[in-house]
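Q: Below is the structure I would like to discuss, written out as structure tokens.
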Amino acid sequence: MAVVKVRANALFQDAIEPSLDRIAGTLRELGVSGRAAQTFCALVQTTHATAGDLVRKTGIPDSKIYYALDELAEKGFVEVQAGKPKTYRVVPPKEIELKLSSMVQAEYERRRAATVRVAALLEPLRVGTKAPAMDVAYIVKGLPNVVARAQTLIASARKDVVLLASDEQVFRKLEDDLVRVARRRVRVRLAVPEIPVAKELAKAAEVRAIICACMLLVVDGQQVLTVSRTTDGDAYAITSTDPTLVQLGLDFWESPRCCVM
């Protein structure tokens with residue numbers, strides 16, 4: 001009977017080791033230290049344990065195990081019961097999920113702020129190195145590249161965005177970006193076909209019906225992007241900071257032959 005029990009425990013351990021490896025790897029990817037991830041995986045296999053128990057299970061030195069446990073407790077992954085010695089246990093899986101989601105969101109916001117900061121630092125450098133007047137336009141080829149350039153221009157807006165989009169497919173790819181820029185109180189003027197628009201965007205933007213076939217974006221009255229074709233294989237756009245081309249783009253918004261209230 002004892003032999004059977006030992007064999008069963010060995011088979012169980014073989015079965016759970018891949019899952020534990022994946023858990024530890026994922027925790028490390030999300031910013032948990034290696035020792036803390038190792039300690040968590042040891043603790044998750046028992047109802048509760050002391051630091052001494054975990055030293056024996058993990059091989060982590062006694063001088064380091066408390067740092068790992070403090071990290072896990074600080075992140076909200078384990079609960080600590082006072083006593084001599086203290087005991088530790090893993091919180092329910094749903095709480096782990098919520099804690100990890102918060103970590104991911106915080107990391108996203110940190111990285112997003114970093115990208116905005118880099119863009120802000122680059123802007124004055126770009127202004128100081130403007131190309132000669134003859135270099136008024138650049139071509140962007142391929143629908144993914146066209147959409148990416150439009151998203152970048154929208155994200156850079158500080159005051160005003162004007163978008164004329166007769167192609168619903170392309171508009172949908174930019175809709176979330178327009179919502180985000182509207183949240184920053186950037187003025188958004190939008191001309192689209194008779195299609196539903198995100199409620200937040202419809203409330204914040206000035207929306208008109210487009211009656212011409214065109215795709216045009218003007219940002220801050222300084223940059224214009226015109227898209228000639230929107231099918232993936234043939235799509236290309238021209239982007240420019242030339243004042244005349246920018247004004248022509250704005251004139252399209254005002255024209256009753258292109259957009260109506």
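Ordered as shown in the structure tokens, chains take letters A, B, and onward, while each chain numbers its residues from 1 and ligands are numbered from 1 in the order shown.
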As a list in words, please: the residues near Leu225 in chain A (cut-off 7 Å, only C-alpha atoms, same-chain neighbours under 6 positions excluded).
A: Leu216, Leu217, Val218, Ala237, Ile238, Thr239 and Ser240 of chain A
Q: Please save N, CA and C atoms of the selected residues as a CSV table (one decimal), in the first residue's frame.
A:
chain,number,residue,atom,x,y,z
A,216,LEU,N,-9.6,61.3,-45.9
A,216,LEU,CA,-8.7,62.5,-45.7
A,216,LEU,C,-8.6,62.8,-44.2
A,217,LEU,N,-7.4,63.1,-43.7
A,217,LEU,CA,-7.2,63.4,-42.3
A,217,LEU,C,-6.3,64.6,-42.2
A,218,VAL,N,-6.8,65.6,-41.3
A,218,VAL,CA,-6.0,66.8,-41.1
A,218,VAL,C,-5.8,66.9,-39.6
A,237,ALA,N,-1.2,56.3,-49.5
A,237,ALA,CA,-1.6,57.6,-49.0
A,237,ALA,C,-0.4,58.5,-49.2
A,238,ILE,N,-0.8,59.8,-49.2
A,238,ILE,CA,0.2,60.9,-49.3
A,238,ILE,C,0.1,61.7,-48.0
A,239,THR,N,1.2,61.9,-47.3
A,239,THR,CA,1.2,62.7,-46.1
A,239,THR,C,2.1,64.0,-46.3
A,240,SER,N,1.6,65.1,-45.8
A,240,SER,CA,2.4,66.3,-46.1
A,240,SER,C,2.1,67.4,-45.0
Q: Could you pull the residues within 12 Å of range 101-103 of chain A, counting only C-alpha atoms, minus those fewer than 5 positions along the same chain, as a list of chain:residue names?
A: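 My list of contacting residues is A:Leu27, A:Glu29, A:Leu30, A:Gly31, A:Val32, A:Lys75, A:Gly76, A:Phe77, A:Lys94, A:Glu95, A:Ile96, A:Tyr108, A:Glu109, A:Arg110.
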Q: Output C-alpha atoms for every residue in the selection just made, as a compact mmCIF listing (two decimals), in the first residue's frame.
A:
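Saved as selection_32.txt:
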# COMPACT_ATOMS: atom_id res chain seq x y z
CA LEU A 27 4.87 35.42 -13.21
CA GLU A 29 7.18 37.76 -17.48
CA LEU A 30 4.82 39.96 -15.46
CA GLY A 31 7.60 41.32 -13.27
CA VAL A 32 7.70 38.91 -10.34
CA LYS A 75 1.63 42.11 -4.51
CA GLY A 76 -1.36 40.53 -2.77
CA PHE A 77 -0.64 36.96 -3.90
CA LYS A 94 -9.76 34.94 -8.76
CA GLU A 95 -7.89 37.36 -6.53
CA ILE A 96 -4.64 36.37 -8.25
CA TYR A 108 0.65 49.39 -19.92
CA GLU A 109 -0.01 52.89 -18.55
CA ARG A 110 3.68 53.27 -17.68
Q: Hey, what's within 12 Å of Ala150 in chain A if we count only C-alpha atoms and toss same-chain stuff fewer than 6 positions away? As an MDAnalysis selection string, please?
A: chainID A and resid 140 143:144 156:157 161:165 170:171 173:175 177:178 215:219 223:227 236:239
Q: For the structure I just gave you, how does DSSP split range 86-259 of chain A - specifically, which residues are helix (DSSP H, G or I)? Reply as a VMD selection string.
A: chain A and resid 93 to 128 143 to 156 168 to 183 199 to 204 243 to 254
Q: Just give me the gap between CA of Gln222 in chain A and CA of Asp242 in chain A in Å, one decimal is fine.
A: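 Interatomic distance here is 7.7 Å.
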Q: Find, counting only C-alpha atoms, the residue in A:Leu98, A:Leu20, A:Lys86, A:Ala155 that gets nearest to Val116 in chain A.
A: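 Of the candidates, the smallest distance to Val116 in chain A is held by A:Ala155.
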Q: Using only C-alpha atoms, determine which residues lie at most 10 Å from Asp53 in chain A, disregarding the query and same-chain residues fewer than 6 positions distant; provide the list as a PyMOL selection string.
A: chain A and resi 42-43+59+87
Q: Quote the spacing between CA of Thr50 in chain A and CA of Ala24 in chain A in Å to one decimal place.
A: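 Taking CA of Thr50 in chain A as the start and CA of Ala24 in chain A as the end point, the length is 20.0 Å.
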Q: Looking at only C-alpha atoms, which of A:Arg89, A:Leu72, A:Pro61, A:Lys84 is the one that sits closest to Thr46 in chain A?
A: A:Arg89
Q: Please report, as a PyMOL selection string, each residue of range 1-223 of chain A to which DSSP assigns strand (DSSP E) when run on this structure's backbone.
A: chain A and resi 49-50+78-81+87-90+137-141+160-165+187-192+206-210+215-219+223
Q: Determine, counting only C-alpha atoms, which protein, DNA and RNA residues have an atom within 10 Å of an atom of Ile23 in chain A; residues of the same chain fewer than 6 positions away are not included. Present the result as number ranges by chain.
A: A: 17, 29, 37-38, 40-41
Q: Please produce a file of those selected residues containing C-alpha atoms, as a short mmCIF file (atom, residue, chain, number, x, y, z; two decimals), in the first residue's frame.
A:
data_model
loop_
_atom_site.label_atom_id
_atom_site.label_comp_id
_atom_site.auth_asym_id
_atom_site.auth_seq_id
_atom_site.Cartn_x
_atom_site.Cartn_y
_atom_site.Cartn_z
CA GLU A 17 5.27 20.16 -12.89
CA GLU A 29 7.18 37.76 -17.48
CA ALA A 37 7.81 32.94 -8.46
CA GLN A 38 9.56 29.78 -7.22
CA PHE A 40 4.70 30.92 -5.01
CA CYS A 41 4.78 27.62 -6.92
#
Q: Do a neighbour search on Ala205 in chain A at 9 Å with only C-alpha atoms, toss out local chain neighbours closer than 6 positions, and write the hits as an mmCIF file with N, CA and C atoms, in the first residue's frame.
A:
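And here's part.cif as it stands now:
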data_model
loop_
_atom_site.group_PDB
_atom_site.id
_atom_site.type_symbol
_atom_site.label_atom_id
_atom_site.label_comp_id
_atom_site.auth_asym_id
_atom_site.auth_seq_id
_atom_site.Cartn_x
_atom_site.Cartn_y
_atom_site.Cartn_z
ATOM 1 N N ALA A 182 -10.369 62.304 -28.249
ATOM 2 C CA ALA A 182 -11.481 63.145 -27.789
ATOM 3 C C ALA A 182 -11.495 63.252 -26.275
ATOM 4 N N ARG A 187 -10.418 68.711 -30.198
ATOM 5 C CA ARG A 187 -11.617 68.896 -31.018
ATOM 6 C C ARG A 187 -11.601 67.896 -32.172
ATOM 7 N N VAL A 188 -12.688 67.161 -32.332
ATOM 8 C CA VAL A 188 -12.777 66.163 -33.396
ATOM 9 C C VAL A 188 -13.933 66.526 -34.316
ATOM 10 N N ARG A 189 -13.610 66.663 -35.607
ATOM 11 C CA ARG A 189 -14.643 66.877 -36.634
ATOM 12 C C ARG A 189 -14.611 65.662 -37.557
ATOM 13 N N LEU A 190 -15.763 65.059 -37.739
ATOM 14 C CA LEU A 190 -15.828 63.749 -38.368
ATOM 15 C C LEU A 190 -16.913 63.714 -39.433
#
Q: When you draw a straight line from CA of Glu79 in chain A to CA of Gly34 in chain A, how long is it in Å?
A: 19.4 Å
